>>> print(open('coords_18.cif').read())   # mmCIF, C-alpha atoms and all ligand atoms
data_query
#
loop_
_atom_site.label_atom_id
_atom_site.label_comp_id
_atom_site.auth_asym_id
_atom_site.auth_seq_id
_atom_site.Cartn_x
_atom_site.Cartn_y
_atom_site.Cartn_z
CA MET A 1 -122.71 2.23 51.98
CA SER A 2 -122.97 -0.50 54.61
CA ALA A 3 -120.19 -1.01 57.14
CA PRO A 4 -119.23 -4.60 56.13
CA LEU A 5 -118.71 -3.60 52.49
CA VAL A 6 -116.40 -0.76 53.51
CA ALA A 7 -114.37 -3.13 55.69
CA GLU A 8 -114.05 -5.71 52.91
CA THR A 9 -112.98 -3.14 50.34
CA SER A 10 -110.40 -1.55 52.63
CA THR A 11 -108.55 -4.84 53.25
CA LYS A 12 -108.02 -5.52 49.55
CA LEU A 13 -104.50 -5.04 48.22
CA LYS A 14 -103.98 -2.79 45.25
CA PRO A 15 -102.97 -4.82 42.19
CA THR A 16 -99.47 -4.35 40.81
CA PRO A 17 -99.66 -1.95 37.84
CA ALA A 18 -99.52 -3.76 34.50
CA VAL A 19 -96.82 -2.86 31.99
CA THR A 20 -96.76 -4.15 28.40
CA VAL A 21 -94.41 -7.08 27.72
CA GLY A 22 -92.77 -4.82 25.14
CA PRO A 23 -91.04 -5.90 21.93
CA PHE A 24 -88.43 -8.17 23.57
CA TYR A 25 -90.52 -10.86 25.32
CA PRO A 26 -88.30 -13.87 24.50
CA PRO A 27 -91.03 -16.44 23.69
CA GLN A 28 -92.81 -13.99 21.40
CA PRO A 29 -90.83 -10.88 20.47
CA MET A 30 -92.37 -8.34 18.16
CA GLY A 31 -91.27 -9.04 14.62
CA LEU A 32 -90.01 -5.58 13.95
CA PRO A 33 -87.35 -5.52 11.26
CA PHE A 34 -85.75 -2.67 13.19
CA PHE A 35 -84.85 -4.98 16.08
CA GLY A 36 -84.42 -8.18 14.08
CA ALA A 37 -85.76 -10.10 17.07
CA LYS A 38 -86.48 -13.83 16.83
CA PRO A 39 -88.21 -16.05 19.44
CA LEU A 40 -85.69 -17.60 21.80
CA SER A 41 -85.39 -21.32 21.15
CA PRO A 42 -84.85 -23.42 23.12
CA LEU A 43 -86.35 -21.31 25.87
CA PRO A 44 -84.12 -21.60 28.95
CA GLU A 45 -85.92 -22.78 32.08
CA GLY A 46 -84.58 -22.12 35.54
CA ASN A 47 -83.90 -19.27 37.88
CA ASP A 48 -80.26 -18.40 37.21
CA LEU A 49 -79.82 -15.98 34.32
CA THR A 50 -76.12 -15.51 35.04
CA ILE A 51 -75.17 -18.75 33.30
CA GLY A 52 -75.52 -18.74 29.54
CA PRO A 53 -76.01 -21.64 27.15
CA GLY A 54 -72.79 -23.66 27.31
CA GLY A 55 -72.22 -22.82 30.96
CA LYS A 56 -70.39 -19.52 30.53
CA GLN A 57 -70.66 -17.01 33.41
CA SER A 58 -72.26 -13.65 32.62
CA GLU A 59 -70.76 -10.21 32.93
CA GLY A 60 -72.30 -7.70 35.34
CA GLU A 61 -73.03 -7.49 39.06
CA LYS A 62 -74.91 -10.51 40.33
CA ILE A 63 -78.12 -9.85 42.29
CA SER A 64 -80.99 -11.89 43.71
CA LEU A 65 -84.60 -11.00 43.09
CA SER A 66 -87.31 -12.75 45.03
CA GLY A 67 -90.86 -12.19 46.11
CA ARG A 68 -94.30 -13.67 46.48
CA VAL A 69 -97.21 -13.78 44.08
CA MET A 70 -100.58 -13.15 45.72
CA ASN A 71 -104.10 -12.08 44.93
CA THR A 72 -105.79 -8.88 46.06
CA ALA A 73 -107.09 -10.70 49.14
CA GLY A 74 -103.45 -11.28 50.17
CA GLN A 75 -103.59 -15.05 49.59
CA VAL A 76 -100.30 -16.39 48.24
CA LEU A 77 -100.51 -18.31 44.94
CA PRO A 78 -98.45 -21.52 44.61
CA GLY A 79 -97.65 -23.10 41.24
CA ILE A 80 -97.71 -19.84 39.29
CA ARG A 81 -95.23 -19.47 36.45
CA VAL A 82 -93.01 -16.40 36.83
CA GLU A 83 -90.86 -15.33 33.88
CA ILE A 84 -88.29 -12.54 33.83
CA TRP A 85 -86.20 -11.04 31.03
CA GLN A 86 -83.85 -8.06 30.86
CA VAL A 87 -80.86 -6.61 29.06
CA ASP A 88 -77.39 -8.09 29.52
CA ALA A 89 -74.42 -6.13 30.87
CA ARG A 90 -73.87 -4.72 27.35
CA GLY A 91 -77.44 -3.44 27.10
CA HIS A 92 -78.92 -6.08 24.77
CA TYR A 93 -81.95 -8.34 25.09
CA VAL A 94 -81.24 -11.96 24.28
CA VAL A 95 -83.70 -11.91 21.34
CA GLU A 96 -82.14 -8.84 19.76
CA LYS A 97 -79.90 -9.12 16.77
CA ALA A 98 -76.63 -7.70 18.08
CA ALA A 99 -73.10 -8.87 17.40
CA ASP A 100 -71.77 -8.01 20.85
CA LYS A 101 -74.30 -9.69 23.14
CA ASP A 102 -72.91 -11.23 26.33
CA PRO A 103 -72.77 -14.98 25.53
CA GLY A 104 -72.78 -15.77 29.26
CA PHE A 105 -76.15 -14.20 29.98
CA ALA A 106 -79.27 -16.34 29.57
CA GLY A 107 -81.46 -13.22 29.24
CA TYR A 108 -84.60 -15.08 30.33
CA GLY A 109 -85.65 -17.31 33.20
CA ALA A 110 -88.83 -19.02 34.36
CA VAL A 111 -89.82 -20.70 37.62
CA SER A 112 -92.97 -21.82 39.43
CA THR A 113 -93.87 -20.30 42.78
CA ASP A 114 -93.46 -22.66 45.73
CA ALA A 115 -96.06 -23.56 48.36
CA ALA A 116 -95.59 -20.12 49.95
CA GLY A 117 -96.16 -18.37 46.60
CA ARG A 118 -92.47 -17.47 46.48
CA TYR A 119 -90.10 -17.17 43.52
CA THR A 120 -86.36 -16.42 43.42
CA PHE A 121 -84.07 -15.49 40.54
CA THR A 122 -80.35 -14.88 40.28
CA THR A 123 -79.59 -12.30 37.62
CA ILE A 124 -77.52 -9.14 37.13
CA ARG A 125 -78.22 -5.58 38.18
CA PRO A 126 -79.86 -4.13 35.07
CA GLN A 127 -78.86 -0.89 33.45
CA GLY A 128 -80.99 1.61 31.59
CA TYR A 129 -81.04 1.63 27.81
CA ALA A 130 -82.03 3.76 24.84
CA ARG A 131 -83.70 2.66 21.62
CA TYR A 132 -84.94 4.38 18.43
CA GLY A 133 -81.84 6.57 18.40
CA GLY A 134 -82.50 7.87 21.90
CA LEU A 135 -86.20 8.60 21.31
CA ILE A 136 -87.02 6.06 24.02
CA LYS A 137 -84.88 6.12 27.15
CA ARG A 138 -85.64 3.57 29.83
CA ALA A 139 -84.47 3.50 33.42
CA ALA A 140 -83.13 0.16 34.66
CA HIS A 141 -85.82 -2.51 34.83
CA ILE A 142 -86.54 -6.21 34.73
CA HIS A 143 -89.62 -7.42 32.87
CA LEU A 144 -91.73 -9.90 34.81
CA ARG A 145 -94.75 -11.94 33.70
CA VAL A 146 -96.97 -14.26 35.71
CA SER A 147 -99.34 -16.88 34.34
CA GLY A 148 -101.13 -19.96 35.61
CA ALA A 149 -104.42 -21.61 36.38
CA GLY A 150 -107.17 -19.10 37.08
CA LEU A 151 -105.04 -16.11 36.09
CA THR A 152 -105.16 -13.83 33.12
CA PRO A 153 -101.44 -13.61 32.15
CA PHE A 154 -100.12 -10.44 33.68
CA ALA A 155 -96.92 -8.53 32.92
CA THR A 156 -95.22 -5.75 34.79
CA GLU A 157 -91.73 -4.31 35.36
CA VAL A 158 -89.41 -4.32 38.36
CA TRP A 159 -87.74 -0.96 38.96
CA PHE A 160 -84.93 0.05 41.30
CA ALA A 161 -84.90 2.75 43.96
CA GLY A 162 -82.37 5.45 43.13
CA ALA A 163 -81.72 4.24 39.56
CA PRO A 164 -80.65 7.03 37.20
CA GLY A 165 -83.46 8.22 34.97
CA ASN A 166 -86.41 7.00 37.09
CA GLU A 167 -87.88 10.51 37.14
CA ARG A 168 -87.72 10.82 33.34
CA ASP A 169 -88.85 7.27 32.54
CA SER A 170 -92.31 7.33 30.97
CA PHE A 171 -93.38 4.07 32.68
CA VAL A 172 -91.89 4.69 36.14
CA SER A 173 -93.17 8.26 36.32
CA ARG A 174 -96.67 7.16 35.28
CA ILE A 175 -97.36 5.63 38.73
CA ASP A 176 -98.84 8.53 40.69
CA ASP A 177 -100.02 6.54 43.71
CA PRO A 178 -97.12 6.85 46.23
CA GLN A 179 -97.92 3.49 47.86
CA LEU A 180 -97.92 1.65 44.53
CA ARG A 181 -94.85 3.48 43.33
CA ASP A 182 -92.99 2.45 46.46
CA ARG A 183 -93.92 -1.20 45.86
CA MET A 184 -92.56 -1.06 42.30
CA LEU A 185 -89.12 0.21 43.38
CA VAL A 186 -86.85 -2.56 44.64
CA ARG A 187 -84.28 -1.68 47.27
CA LEU A 188 -81.20 -3.86 46.89
CA SER A 189 -79.48 -4.66 50.17
CA LYS A 190 -76.22 -6.52 50.48
CA LEU A 191 -76.31 -9.64 52.60
CA GLU A 192 -73.11 -10.42 54.45
CA GLY A 193 -70.95 -12.57 52.20
CA GLY A 194 -73.60 -12.57 49.48
CA HIS A 195 -74.64 -10.43 46.56
CA PRO A 196 -77.23 -7.64 46.69
CA SER A 197 -80.78 -8.89 46.95
CA GLY A 198 -84.19 -7.32 46.68
CA THR A 199 -87.84 -8.21 47.11
CA PHE A 200 -90.63 -7.66 44.61
CA ASP A 201 -94.08 -8.95 45.54
CA VAL A 202 -96.69 -9.21 42.82
CA VAL A 203 -100.39 -8.65 43.50
CA VAL A 204 -102.26 -10.00 40.50
CA PRO A 205 -105.42 -8.16 39.46
CA ASP A 206 -108.78 -9.83 40.06
CA ALA A 207 -109.85 -11.92 37.07
FE FE B 301 -87.31 -3.41 28.64
#
>>> encode(input="coords_18.cif", output="structure tokens")
Amino acid sequence: MSAPLVAETSTKLKPTPAVTVGPFYPPQPMGLPFFGAKPLSPLPEGNDLTIGPGGKQSEGEKISLSGRVMNTAGQVLPGIRVEIWQVDARGHYVVEKAADKDPGFAGYGAVSTDAAGRYTFTTIRPQGYARYGGLIKRAAHIHLRVSGAGLTPFATEVWFAGAPGNERDSFVSRIDDPQLRDRMLVRLSKLEGGHPSGTFDVVVPDA
């Protein structure tokens, strides 16, 4: 192998591992009778999930999640749509049929990355959840999807360092590469006078 090729390969960033959008992607949930999920309409736009339709404030601990979207060459990508969705403080997705959903939680948000490839969301610290009568147990996570010109839409999940159940979670524990695993685990730090915030950068796979 020639020296230049080795150098070029070694500077490439590893893409963020893909994770399925799952059954609760608000624009297009899986039509499983079990969940009774319906597409969310109208689809809320904006980066603050802690305010529900009608302006009600959500339950749960407010956090900020921000990061950059870049390619494997490390170039930041402006104008990329970033969507997130997660359970509310009572453990429900917004598209699920559940009588006790938090009416103050939007459950979904979408923004475009700025000129520096950056996105920011205000949401709540997620909790883990169980489905199928406990057959599936998930550690706390936020679903995240990126799409835009020149990209194959790409979905992944944001996980949290020290969250209960990370070791047993079938998605979290699947990432063997210690470097990649570290990148997938957000560390929330409390800013003075603010709420906890964490960074999650996304490296989209080459098309
Ligand atoms: Fe989920």
>>> residues_near_ligand(input="coords_18.cif", ligand="ligand FE 301 (chain B)", cutoff="9 Å", atoms="all atoms listed in the file", output="list in words")
Val21, Gly22, Pro23, Phe24, Tyr25, Trp85, Gln86, Val87, Tyr93, Gly128, Tyr129, Arg138, Ala139, Ala140, His141, Ile142, His143 and Glu157 of chain A
>>> closest_residue(input="coords_18.cif", among="A:Ile80, A:Val95, A:Arg125, A:Gly193", to="Ala37 in chain A", atoms="all atoms listed in the file")
A:Val95
>>> residues_around(input="coords_18.cif", residues="Ile84 in chain A", least_positions_apart="4", cutoff="10 Å", atoms="all atoms listed in the file", output="list in words")
Tyr25, Pro26, Asn47, Leu49, Gly107, Tyr108, Gly109, Ala110, Val111, Phe121, Thr123, Ile142, His143, Leu144, Arg145, Val146, Ala155, Thr156, Glu157 and Val158 of chain A
>>> write_last_selection(input="coords_18.cif", atoms="C-alpha atoms", output="mmCIF file, in the frame of the given file")
data_model
loop_
_atom_site.group_PDB
_atom_site.id
_atom_site.type_symbol
_atom_site.label_atom_id
_atom_site.label_comp_id
_atom_site.auth_asym_id
_atom_site.auth_seq_id
_atom_site.Cartn_x
_atom_site.Cartn_y
_atom_site.Cartn_z
ATOM 1 C CA TYR A 25 -90.520 -10.860 25.320
ATOM 2 C CA PRO A 26 -88.300 -13.870 24.500
ATOM 3 C CA ASN A 47 -83.900 -19.270 37.880
ATOM 4 C CA LEU A 49 -79.820 -15.980 34.320
ATOM 5 C CA GLY A 107 -81.460 -13.220 29.240
ATOM 6 C CA TYR A 108 -84.600 -15.080 30.330
ATOM 7 C CA GLY A 109 -85.650 -17.310 33.200
ATOM 8 C CA ALA A 110 -88.830 -19.020 34.360
ATOM 9 C CA VAL A 111 -89.820 -20.700 37.620
ATOM 10 C CA PHE A 121 -84.070 -15.490 40.540
ATOM 11 C CA THR A 123 -79.590 -12.300 37.620
ATOM 12 C CA ILE A 142 -86.540 -6.210 34.730
ATOM 13 C CA HIS A 143 -89.620 -7.420 32.870
ATOM 14 C CA LEU A 144 -91.730 -9.900 34.810
ATOM 15 C CA ARG A 145 -94.750 -11.940 33.700
ATOM 16 C CA VAL A 146 -96.970 -14.260 35.710
ATOM 17 C CA ALA A 155 -96.920 -8.530 32.920
ATOM 18 C CA THR A 156 -95.220 -5.750 34.790
ATOM 19 C CA GLU A 157 -91.730 -4.310 35.360
ATOM 20 C CA VAL A 158 -89.410 -4.320 38.360
#
>>> atom_distance(input="coords_18.cif", atom1="CA of Ala207 in chain A", atom2="CA of Ala149 in chain A")
11.1 Å
>>> closest_residue(input="coords_18.cif", among="A:Ile175, A:Ala18, A:Val94, A:Val204", to="Arg68 in chain A", atoms="all atoms listed in the file")
A:Val204
>>> atom_distance(input="coords_18.cif", atom1="CA of Val202 in chain A", atom2="CA of Glu83 in chain A")
12.3 Å
>>> atom_distance(input="coords_18.cif", atom1="CA of Tyr132 in chain A", atom2="CA of Ala163 in chain A")
21.4 Å
